[in-house]
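Pasted below: structure.cif, mmCIF, C-alpha atoms.
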data_model
#
loop_
_atom_site.label_atom_id
_atom_site.label_comp_id
_atom_site.auth_asym_id
_atom_site.auth_seq_id
_atom_site.Cartn_x
_atom_site.Cartn_y
_atom_site.Cartn_z
CA MET A 478 146.97 -41.29 -137.20
CA ALA A 479 149.66 -43.35 -135.49
CA ASP A 480 147.81 -42.92 -132.18
CA VAL A 481 144.60 -44.19 -133.77
CA ALA A 482 146.49 -47.19 -135.19
CA ASN A 483 147.99 -48.01 -131.78
CA ARG A 484 144.65 -47.78 -130.00
CA ALA A 485 142.85 -49.88 -132.63
CA GLY A 486 145.68 -52.43 -132.85
CA VAL A 487 146.18 -52.05 -136.60
CA SER A 488 148.81 -50.55 -138.91
CA ARG A 489 148.94 -46.88 -139.76
CA THR A 490 148.58 -47.83 -143.43
CA LEU A 491 145.29 -49.56 -142.69
CA VAL A 492 144.04 -46.50 -140.80
CA SER A 493 144.89 -44.32 -143.81
CA THR A 494 143.08 -46.75 -146.10
CA ILE A 495 139.94 -46.62 -143.94
CA PHE A 496 139.95 -42.82 -143.67
CA ARG A 497 140.22 -42.58 -147.45
CA ASP A 498 137.27 -44.97 -147.73
CA ILE A 499 139.23 -47.47 -149.82
CA PRO A 500 137.83 -51.04 -149.79
CA GLY A 501 139.83 -53.77 -148.08
CA ALA A 502 139.17 -53.57 -144.36
CA SER A 503 136.43 -55.64 -142.75
CA ALA A 504 133.39 -53.94 -141.30
CA GLN A 505 134.52 -54.86 -137.78
CA THR A 506 138.01 -53.40 -138.29
CA ARG A 507 136.58 -50.26 -139.85
CA GLN A 508 134.26 -49.80 -136.89
CA ARG A 509 137.14 -50.35 -134.42
CA VAL A 510 139.30 -47.75 -136.16
CA MET A 511 136.51 -45.18 -136.32
CA GLN A 512 135.71 -45.73 -132.65
CA ALA A 513 139.38 -45.23 -131.74
CA ALA A 514 139.47 -42.01 -133.76
CA GLU A 515 136.33 -40.81 -132.00
CA GLU A 516 137.78 -41.55 -128.57
CA LEU A 517 140.98 -39.68 -129.43
CA GLY A 518 139.15 -36.78 -131.03
CA TYR A 519 141.00 -37.33 -134.30
CA ARG A 520 139.68 -35.83 -137.55
CA PRO A 521 141.37 -36.35 -140.94
CA ASP A 522 142.90 -33.14 -142.27
CA ALA A 523 141.03 -32.47 -145.52
CA ALA A 524 143.51 -29.79 -146.60
CA ALA A 525 146.46 -32.14 -146.12
CA GLN A 526 144.67 -34.87 -148.05
CA MET A 527 144.05 -32.43 -150.87
CA LEU A 528 147.73 -31.51 -151.03
CA ARG A 529 148.80 -35.15 -151.10
CA ARG A 530 146.39 -36.00 -153.88
CA ASN A 531 146.88 -32.70 -155.69
CA ARG A 532 143.09 -32.62 -155.97
CA SER A 533 140.44 -30.85 -153.92
CA MET A 534 137.58 -33.25 -154.84
CA ASN A 535 135.31 -30.19 -154.53
CA LEU A 536 132.22 -29.69 -156.69
CA GLY A 537 130.95 -26.12 -156.75
CA VAL A 538 127.18 -25.71 -156.88
CA LEU A 539 125.68 -22.34 -157.85
CA PHE A 540 122.07 -21.92 -156.73
CA THR A 541 119.39 -19.37 -155.82
CA SER A 542 118.07 -19.55 -152.28
CA ARG A 543 114.71 -18.07 -153.33
CA HIS A 544 113.77 -21.00 -155.57
CA ALA A 545 112.10 -24.06 -154.03
CA PHE A 546 113.52 -26.26 -156.82
CA ASP A 547 117.08 -25.18 -155.99
CA LEU A 548 116.69 -25.89 -152.28
CA GLU A 549 115.39 -29.41 -152.92
CA PHE A 550 118.20 -29.99 -155.41
CA ILE A 551 120.77 -28.98 -152.77
CA GLU A 552 119.31 -31.53 -150.37
CA TYR A 553 119.93 -34.33 -152.88
CA ILE A 554 123.32 -33.14 -154.15
CA TYR A 555 125.15 -34.03 -150.93
CA PRO A 556 124.49 -37.80 -150.92
CA ALA A 557 125.06 -37.92 -154.69
CA ALA A 558 128.46 -36.23 -154.32
CA GLU A 559 129.43 -38.44 -151.38
CA GLN A 560 128.66 -41.55 -153.40
CA HIS A 561 131.24 -40.47 -155.99
CA GLY A 562 133.80 -39.38 -153.40
CA TYR A 563 133.38 -35.63 -153.88
CA HIS A 564 132.65 -32.71 -151.55
CA VAL A 565 130.07 -29.96 -152.13
CA VAL A 566 130.88 -26.25 -151.99
CA LEU A 567 127.83 -23.99 -152.26
CA GLY A 568 127.66 -20.58 -153.90
CA ALA A 569 124.42 -18.60 -153.55
CA MET A 570 123.09 -15.96 -155.92
CA THR A 571 121.20 -13.13 -154.23
CA SER A 572 119.87 -9.71 -155.19
CA THR A 573 123.18 -8.20 -154.08
CA ARG A 574 125.47 -10.94 -155.39
CA ASP A 575 125.72 -11.63 -159.11
CA GLU A 576 126.50 -14.93 -160.76
CA TYR A 577 129.95 -14.03 -161.99
CA LYS A 578 131.12 -13.13 -158.49
CA ALA A 579 129.63 -16.33 -157.08
CA VAL A 580 131.33 -18.42 -159.78
CA GLU A 581 134.71 -16.79 -159.17
CA GLU A 582 134.41 -17.47 -155.45
CA LEU A 583 133.64 -21.14 -156.09
CA LEU A 584 136.69 -21.41 -158.30
CA SER A 585 138.80 -19.77 -155.59
CA TYR A 586 137.91 -22.74 -153.36
CA HIS A 587 139.60 -25.03 -155.90
CA CYS A 588 136.34 -26.51 -157.17
CA GLU A 589 137.21 -29.02 -159.86
CA ALA A 590 133.85 -28.72 -161.63
CA LEU A 591 130.81 -26.46 -161.40
CA ILE A 592 127.14 -27.47 -161.28
CA LEU A 593 125.03 -24.44 -162.21
CA LEU A 594 121.31 -24.30 -161.51
CA GLY A 595 119.93 -22.31 -164.40
CA PRO A 596 121.97 -19.10 -164.29
CA ASP A 597 121.56 -16.14 -166.63
CA LEU A 598 125.12 -16.40 -167.87
CA ASP A 599 125.06 -16.55 -171.65
CA ALA A 600 126.70 -19.23 -173.76
CA ALA A 601 129.87 -17.20 -174.31
CA GLN A 602 130.34 -16.62 -170.58
CA LEU A 603 129.69 -20.26 -169.80
CA ASN A 604 132.13 -21.37 -172.47
CA ARG A 605 134.84 -19.23 -170.89
CA ILE A 606 134.19 -20.90 -167.54
CA ALA A 607 134.17 -24.34 -169.21
CA GLU A 608 137.67 -23.64 -170.54
CA ARG A 609 138.82 -23.67 -166.90
CA VAL A 610 136.73 -26.48 -165.37
CA PRO A 611 133.98 -28.87 -166.49
CA VAL A 612 130.52 -27.27 -166.26
CA VAL A 613 127.17 -29.02 -165.75
CA GLU A 614 124.13 -26.86 -166.49
CA VAL A 615 120.93 -27.92 -164.69
CA GLY A 616 117.52 -26.84 -165.94
CA ARG A 617 118.17 -25.30 -169.33
CA PHE A 618 119.85 -26.16 -172.62
CA VAL A 619 123.18 -24.48 -173.30
CA GLU A 620 125.39 -25.43 -176.21
CA GLY A 621 129.12 -25.30 -175.80
CA ALA A 622 132.31 -27.26 -175.45
CA GLY A 623 132.74 -28.70 -171.99
CA ILE A 624 129.16 -27.98 -170.91
CA ASP A 625 126.99 -30.95 -169.98
CA VAL A 626 123.24 -30.46 -169.53
CA VAL A 627 120.78 -32.07 -167.13
CA ARG A 628 117.19 -30.94 -167.60
CA THR A 629 113.56 -31.94 -167.77
CA ASP A 630 111.70 -32.00 -171.09
CA ASP A 631 109.80 -28.81 -170.25
CA ASP A 632 108.02 -28.63 -173.61
CA SER A 633 106.53 -32.05 -172.92
CA GLY A 634 105.66 -31.11 -169.32
CA VAL A 635 103.47 -28.15 -170.22
CA ALA A 636 102.04 -30.02 -173.23
CA GLN A 637 100.83 -32.70 -170.80
CA VAL A 638 99.06 -29.99 -168.80
CA VAL A 639 97.33 -28.59 -171.88
CA ASP A 640 96.24 -32.08 -172.96
CA TYR A 641 94.87 -32.75 -169.48
CA LEU A 642 92.99 -29.44 -169.28
CA VAL A 643 91.52 -29.81 -172.77
CA GLY A 644 90.30 -33.24 -171.71
CA LEU A 645 88.42 -31.51 -168.89
CA GLY A 646 86.72 -29.18 -171.37
CA HIS A 647 89.01 -26.18 -171.03
CA GLN A 648 89.74 -23.98 -174.04
CA LYS A 649 90.53 -20.59 -172.55
CA ILE A 650 93.85 -21.65 -171.09
CA LEU A 651 96.26 -18.87 -170.12
CA HIS A 652 99.97 -19.19 -169.39
CA VAL A 653 101.92 -17.01 -166.94
CA ASP A 654 105.45 -17.53 -168.18
CA GLY A 655 108.78 -17.25 -166.41
CA GLY A 656 110.24 -14.48 -168.56
CA ARG A 657 114.02 -14.96 -168.74
CA MET A 658 114.09 -17.52 -165.93
CA PRO A 659 115.60 -21.00 -166.48
CA SER A 660 113.40 -23.34 -168.54
CA ALA A 661 110.80 -20.61 -169.14
CA ALA A 662 111.30 -20.64 -172.91
CA GLY A 663 110.73 -24.40 -173.12
CA ARG A 664 107.58 -24.22 -171.01
CA ARG A 665 106.25 -21.33 -173.09
CA ASN A 666 106.98 -23.20 -176.31
CA GLY A 667 105.28 -26.33 -174.97
CA TYR A 668 102.15 -24.31 -174.15
CA GLU A 669 101.93 -22.63 -177.56
CA THR A 670 102.61 -25.85 -179.49
CA ALA A 671 100.02 -27.85 -177.52
CA MET A 672 97.37 -25.14 -177.88
CA ARG A 673 97.84 -25.12 -181.65
CA LYS A 674 97.72 -28.91 -181.73
CA HIS A 675 94.26 -28.77 -180.16
CA GLY A 676 93.07 -26.08 -182.61
CA LEU A 677 93.18 -23.39 -179.91
CA ALA A 678 95.64 -20.99 -181.52
CA GLU A 679 93.19 -18.10 -181.13
CA GLN A 680 92.97 -18.81 -177.40
CA ILE A 681 96.72 -18.50 -176.80
CA ARG A 682 97.32 -15.85 -174.15
CA ILE A 683 100.57 -15.29 -172.26
CA ILE A 684 101.18 -12.94 -169.35
CA GLY A 685 104.81 -12.18 -168.64
CA GLY A 686 106.08 -13.04 -165.18
CA ASP A 687 108.87 -14.79 -163.33
CA TYR A 688 109.22 -17.49 -160.68
CA THR A 689 107.92 -15.50 -157.69
CA GLU A 690 104.63 -15.21 -155.80
CA GLU A 691 104.60 -11.50 -156.70
CA SER A 692 104.49 -12.27 -160.42
CA GLY A 693 101.56 -14.62 -159.81
CA ALA A 694 99.71 -11.91 -157.87
CA LEU A 695 100.31 -9.37 -160.64
CA ALA A 696 99.07 -11.85 -163.25
CA ALA A 697 95.95 -12.51 -161.16
CA ALA A 698 95.23 -8.77 -160.98
CA GLU A 699 95.44 -8.57 -164.77
CA ILE A 700 93.14 -11.58 -165.14
CA LEU A 701 90.59 -10.19 -162.69
CA ALA A 702 90.59 -6.82 -164.44
CA GLY A 703 89.63 -8.40 -167.76
CA SER A 704 86.11 -8.97 -169.01
CA ASP A 705 86.65 -12.49 -170.32
CA LEU A 706 88.19 -14.76 -167.71
CA PRO A 707 90.19 -17.83 -168.69
CA THR A 708 88.96 -21.15 -167.35
CA ALA A 709 92.49 -22.34 -166.51
CA VAL A 710 95.92 -20.87 -165.83
CA ILE A 711 99.29 -22.63 -166.16
CA ALA A 712 101.91 -20.89 -164.03
CA GLY A 713 105.62 -20.85 -164.79
CA ASN A 714 106.39 -22.60 -161.49
CA ASP A 715 104.79 -23.45 -158.14
CA ARG A 716 105.69 -20.17 -156.42
CA CYS A 717 104.02 -18.19 -159.19
CA ALA A 718 101.02 -20.50 -158.91
CA LEU A 719 100.78 -19.80 -155.17
CA GLY A 720 100.60 -16.06 -155.84
CA LEU A 721 97.89 -16.71 -158.41
CA LEU A 722 95.86 -18.91 -156.08
CA ASP A 723 95.86 -16.42 -153.24
CA SER A 724 95.01 -13.38 -155.35
CA LEU A 725 92.34 -15.11 -157.45
CA ARG A 726 90.59 -16.31 -154.32
CA GLN A 727 90.81 -12.87 -152.76
CA GLY A 728 89.26 -11.55 -155.98
CA GLY A 729 86.19 -13.70 -155.42
CA LEU A 730 86.95 -16.65 -157.69
CA LYS A 731 86.65 -20.25 -156.56
CA VAL A 732 89.41 -22.69 -157.45
CA PRO A 733 88.77 -24.93 -159.35
CA ALA A 734 85.01 -24.25 -159.79
CA ASP A 735 85.61 -20.90 -161.54
CA ILE A 736 89.20 -21.31 -162.64
CA SER A 737 91.77 -24.11 -162.54
CA VAL A 738 95.41 -23.42 -161.61
CA VAL A 739 98.47 -25.54 -162.42
CA GLY A 740 102.06 -25.07 -161.28
CA TYR A 741 105.39 -26.54 -162.32
CA ASP A 742 108.11 -28.37 -160.31
CA ASP A 743 105.84 -30.30 -157.90
CA SER A 744 107.82 -28.77 -155.05
CA ARG A 745 107.09 -29.31 -151.38
CA LEU A 746 104.97 -26.17 -151.52
CA ALA A 747 102.65 -27.83 -154.03
CA ARG A 748 102.31 -30.92 -151.86
CA LEU A 749 101.28 -29.08 -148.69
CA SER A 750 97.78 -30.20 -147.71
CA PHE A 751 96.34 -26.68 -147.62
CA VAL A 752 97.80 -25.90 -151.07
CA ASP A 753 97.24 -29.24 -152.86
CA LEU A 754 98.38 -27.80 -156.18
CA THR A 755 98.23 -29.67 -159.46
CA SER A 756 101.77 -29.44 -160.79
CA VAL A 757 104.25 -30.88 -163.28
CA ARG A 758 106.68 -33.13 -161.44
CA GLN A 759 110.42 -33.03 -162.06
CA ASP A 760 112.55 -35.83 -160.66
CA ILE A 761 114.87 -33.55 -158.68
CA ARG A 762 116.68 -36.41 -156.97
CA GLN A 763 117.59 -38.01 -160.29
CA MET A 764 118.64 -34.65 -161.70
CA ALA A 765 121.05 -34.20 -158.78
CA ASP A 766 122.41 -37.73 -159.25
CA LEU A 767 122.96 -37.17 -162.97
CA ALA A 768 124.59 -33.77 -162.45
CA VAL A 769 127.17 -35.24 -160.07
CA LYS A 770 127.64 -38.27 -162.32
CA ALA A 771 128.29 -36.01 -165.32
CA ALA A 772 130.89 -33.97 -163.42
CA ALA A 773 132.56 -37.08 -162.01
CA GLU A 774 132.79 -38.72 -165.44
CA ARG A 775 134.64 -35.71 -166.79
CA LEU A 776 136.95 -35.35 -163.81
CA ASP A 777 137.73 -39.06 -163.57
CA GLY A 778 138.57 -39.30 -167.28
CA LYS A 779 135.66 -41.58 -168.15
CA ARG A 780 134.18 -39.24 -170.77
CA THR A 781 135.37 -36.27 -172.83
CA GLU A 782 132.41 -35.59 -175.14
CA VAL A 783 129.49 -33.35 -174.18
CA ALA A 784 126.44 -35.17 -172.78
CA GLN A 785 122.79 -34.22 -172.39
CA PHE A 786 120.47 -35.89 -169.90
CA ILE A 787 116.82 -35.07 -170.59
CA LEU A 788 114.32 -36.49 -168.11
CA PRO A 789 110.61 -37.03 -168.78
CA PRO A 790 108.19 -35.06 -166.56
CA SER A 791 104.87 -36.27 -165.20
CA LEU A 792 101.69 -34.56 -164.04
CA ALA A 793 100.62 -34.68 -160.39
CA VAL A 794 96.87 -33.96 -160.32
CA ARG A 795 95.44 -32.44 -157.14
CA SER A 796 92.51 -30.27 -156.07
CA THR A 797 93.29 -27.01 -157.91
CA THR A 798 92.07 -28.36 -161.25
CA GLY A 799 88.66 -29.54 -162.37
CA PRO A 800 86.22 -29.43 -165.30
CA ALA A 801 85.82 -26.15 -167.14
CA ARG A 802 82.91 -23.97 -166.02
CA LEU A 803 79.95 -23.98 -168.37
CA GLN A 804 79.67 -20.23 -168.75
CA THR A 805 82.28 -17.50 -168.88
CA ARG A 806 82.14 -15.28 -165.82
CA ALA A 807 82.97 -11.64 -165.87
CA ALA A 808 85.30 -10.36 -163.22
CA SER A 809 83.58 -8.55 -160.40
#

Write out the structure in this file as structure tokens.
Amino acid sequence: MADVANRAGVSRTLVSTIFRDIPGASAQTRQRVMQAAEELGYRPDAAAQMLRRNRSMNLGVLFTSRHAFDLEFIEYIYPAAEQHGYHVVLGAMTSTRDEYKAVEELLSYHCEALILLGPDLDAAQLNRIAERVPVVEVGRFVEGAGIDVVRTDDDSGVAQVVDYLVGLGHQKILHVDGGRMPSAAGRRNGYETAMRKHGLAEQIRIIGGDYTEESGALAAAEILAGSDLPTAVIAGNDRCALGLLDSLRQGGLKVPADISVVGYDDSRLARLSFVDLTSVRQDIRQMADLAVKAAAERLDGKRTEVAQFILPPSLAVRSTTGPARLQTRAAS
């Protein structure tokens, strides 16, 4: 650092201030110092900084690499964390790596708070983690001391879909739910409540699934094997909807002429031109911003009480939905 100061013609204290991103230096001085550091090949020692501050400034993020929502969230979490002066440490859940192990590993990296993307850990397990560090749950409601929640109003999201489909003349509206996946219960509840609101309680039909293309394909096989086809299907998420689309079309149905299909998340998959899926949009960027903000508020002593951030969803209408067919078709 002294070498950088000598080359840039400033004090070592000023170099330290600039590397810690503390206001005070002019833009020109900051640029001169950074250029000198680049020429000398100098990089600040993050571990040494952590020891001096007695803080790691690390936020642990637990995610699933198989979920499109999680991957988009990860993209937005980095700039959000940087804005608050924190670093991101990722922990992935896989078929061979459970959540508890991933959480323990994140804590071993001295993460000061954890941002969890809809894990299966129950409230008691999460509360035990929250006794050690602040926890922000993304995507589902969890009640407990020290656990903040950032989520979309999933009940409202699916209710918007039902309202929209009923407006197109649909009554036989089926839901492929997400089983025990994050937010699945809220989406299922929104579907049932909206169907009853429209006087369609007798038309309520739910096929169990999850958030994979395979679950959509299995649901499509069950639909095609029936004698009374629905006119519309609301999938638990976009990946499930993709499995539905492919299998329904292979089964001889036209989308949306014979059957309309709706997803949830409005992920990049839904927006691909050859998919063009009608889907419920979640503001993933804002969710990432709020998750980091919630963690930073706790860590920086700005808030001690539990907070919930519930964002309104919106419906993105594309080519996989249309008016209900006039007559019920039997599966071939």

- Near-segment 787-793 of chain A list (7 Å; all atoms listed in the file; drop same-chain fewer than 5 positions) as a VMD selection string: chain A and resid 627 to 630 634 755 to 759

- Task: Could you jot down the atom CA of Ile681 of chain A to atom CA of Gly799 of chain A separation for me, Å, one decimal place?
- Result: 19.9 Å

For segment 704-713 of chain A, find every residue with an atom within 7 Å (counting all atoms listed in the file), except residues of its own chain fewer than 4 positions away, and show them as a JSON list (two decimals) with C-alpha atoms, in the coordinates of the input.
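Everything below was put into around_24.json:
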[["chain", "number", "residue", "atom", "x", "y", "z"],
["A", 647, "HIS", "CA", 89.01, -26.18, -171.03],
["A", 649, "LYS", "CA", 90.53, -20.59, -172.55],
["A", 650, "ILE", "CA", 93.85, -21.65, -171.09],
["A", 651, "LEU", "CA", 96.26, -18.87, -170.12],
["A", 652, "HIS", "CA", 99.97, -19.19, -169.39],
["A", 653, "VAL", "CA", 101.92, -17.01, -166.94],
["A", 654, "ASP", "CA", 105.45, -17.53, -168.18],
["A", 655, "GLY", "CA", 108.78, -17.25, -166.41],
["A", 661, "ALA", "CA", 110.80, -20.61, -169.14],
["A", 688, "TYR", "CA", 109.22, -17.49, -160.68],
["A", 700, "ILE", "CA", 93.14, -11.58, -165.14],
["A", 717, "CYS", "CA", 104.02, -18.19, -159.19],
["A", 718, "ALA", "CA", 101.02, -20.50, -158.91],
["A", 735, "ASP", "CA", 85.61, -20.90, -161.54],
["A", 736, "ILE", "CA", 89.20, -21.31, -162.64],
["A", 737, "SER", "CA", 91.77, -24.11, -162.54],
["A", 738, "VAL", "CA", 95.41, -23.42, -161.61],
["A", 739, "VAL", "CA", 98.47, -25.54, -162.42],
["A", 740, "GLY", "CA", 102.06, -25.07, -161.28],
["A", 741, "TYR", "CA", 105.39, -26.54, -162.32],
["A", 801, "ALA", "CA", 85.82, -26.15, -167.14],
["A", 802, "ARG", "CA", 82.91, -23.97, -166.02],
["A", 805, "THR", "CA", 82.28, -17.50, -168.88],
["A", 806, "ARG", "CA", 82.14, -15.28, -165.82],
["A", 807, "ALA", "CA", 82.97, -11.64, -165.87],
["A", 808, "ALA", "CA", 85.30, -10.36, -163.22]]

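For the set A:Glu552, A:Glu690, A:Asp640, A:Glu589, the residue with the smallest atom-to-atom gap to Lys674 of chain A is A:Asp640, counting all atoms listed in the file.
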
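Considering the residues A:Leu719, A:Ala514, A:Val732, A:Leu593 and counting only C-alpha atoms, Ser744 of chain A has its shortest atom-to-atom contact with A:Leu719.
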
What's around segment 494-499 of chain A at 12 Å? Count only C-alpha atoms, leave out sequence neighbours fewer than 2 positions away in its own chain, and write the answer as a compact mmCIF listing (two decimals) with C-alpha atoms, keeping the file's coordinate frame.
# COMPACT_ATOMS: atom_id res chain seq x y z
CA MET A 478 146.97 -41.29 -137.20
CA VAL A 481 144.60 -44.19 -133.77
CA ALA A 482 146.49 -47.19 -135.19
CA VAL A 487 146.18 -52.05 -136.60
CA SER A 488 148.81 -50.55 -138.91
CA ARG A 489 148.94 -46.88 -139.76
CA THR A 490 148.58 -47.83 -143.43
CA LEU A 491 145.29 -49.56 -142.69
CA VAL A 492 144.04 -46.50 -140.80
CA GLY A 501 139.83 -53.77 -148.08
CA ALA A 502 139.17 -53.57 -144.36
CA SER A 503 136.43 -55.64 -142.75
CA ALA A 504 133.39 -53.94 -141.30
CA GLN A 505 134.52 -54.86 -137.78
CA THR A 506 138.01 -53.40 -138.29
CA ARG A 507 136.58 -50.26 -139.85
CA GLN A 508 134.26 -49.80 -136.89
CA ARG A 509 137.14 -50.35 -134.42
CA VAL A 510 139.30 -47.75 -136.16
CA MET A 511 136.51 -45.18 -136.32
CA ALA A 514 139.47 -42.01 -133.76
CA TYR A 519 141.00 -37.33 -134.30
CA ARG A 520 139.68 -35.83 -137.55
CA PRO A 521 141.37 -36.35 -140.94
CA ASP A 522 142.90 -33.14 -142.27
CA ALA A 523 141.03 -32.47 -145.52
CA GLN A 526 144.67 -34.87 -148.05
CA MET A 527 144.05 -32.43 -150.87
CA ARG A 529 148.80 -35.15 -151.10
CA ARG A 530 146.39 -36.00 -153.88
CA GLU A 559 129.43 -38.44 -151.38
CA GLN A 560 128.66 -41.55 -153.40
CA HIS A 561 131.24 -40.47 -155.99
CA GLY A 562 133.80 -39.38 -153.40
CA TYR A 563 133.38 -35.63 -153.88

- For atom CA of Ala765 of chain A and atom CA of Ile551 of chain A, determine how far apart the two atoms are, in Å to one decimal place. 8.0 Å

- Care to translate the PyMOL selection byres ((chain A and resi 588) around 10) into actual residues of this file, as JSON, numbers by chain? {"A": [532, 533, 534, 535, 536, 537, 538, 564, 565, 566, 580, 582, 583, 584, 585, 586, 587, 589, 590, 591, 610, 611]}

- Query: Counting all atoms listed in the file, which of A:Leu701, A:Met764, A:Ala579, A:Leu548 gets nearest to Leu730 of chain A?
  - Reply: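 Looking at the shortest contact to Leu730 of chain A, the residue is A:Leu701.
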
- Task: For atom CA of Val769 of chain A and atom CA of Gly656 of chain A, quote the distance in Å rounded to one decimal.
- Result: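 We find that atom CA of Val769 of chain A and atom CA of Gly656 of chain A lie 28.1 Å from each other.
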
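Using all atoms listed in the file, the smallest distance between any of A:Leu539, A:Ala784, A:Ala734, A:Ala485 and Leu517 of chain A comes from A:Ala485.
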
- Which one is closest to Asn714 of chain A: A:Ser692, A:Pro733, A:Ala698, A:Arg726? Count all atoms listed in the file.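 Selected residue with least distance to Asn714 of chain A: A:Ser692.
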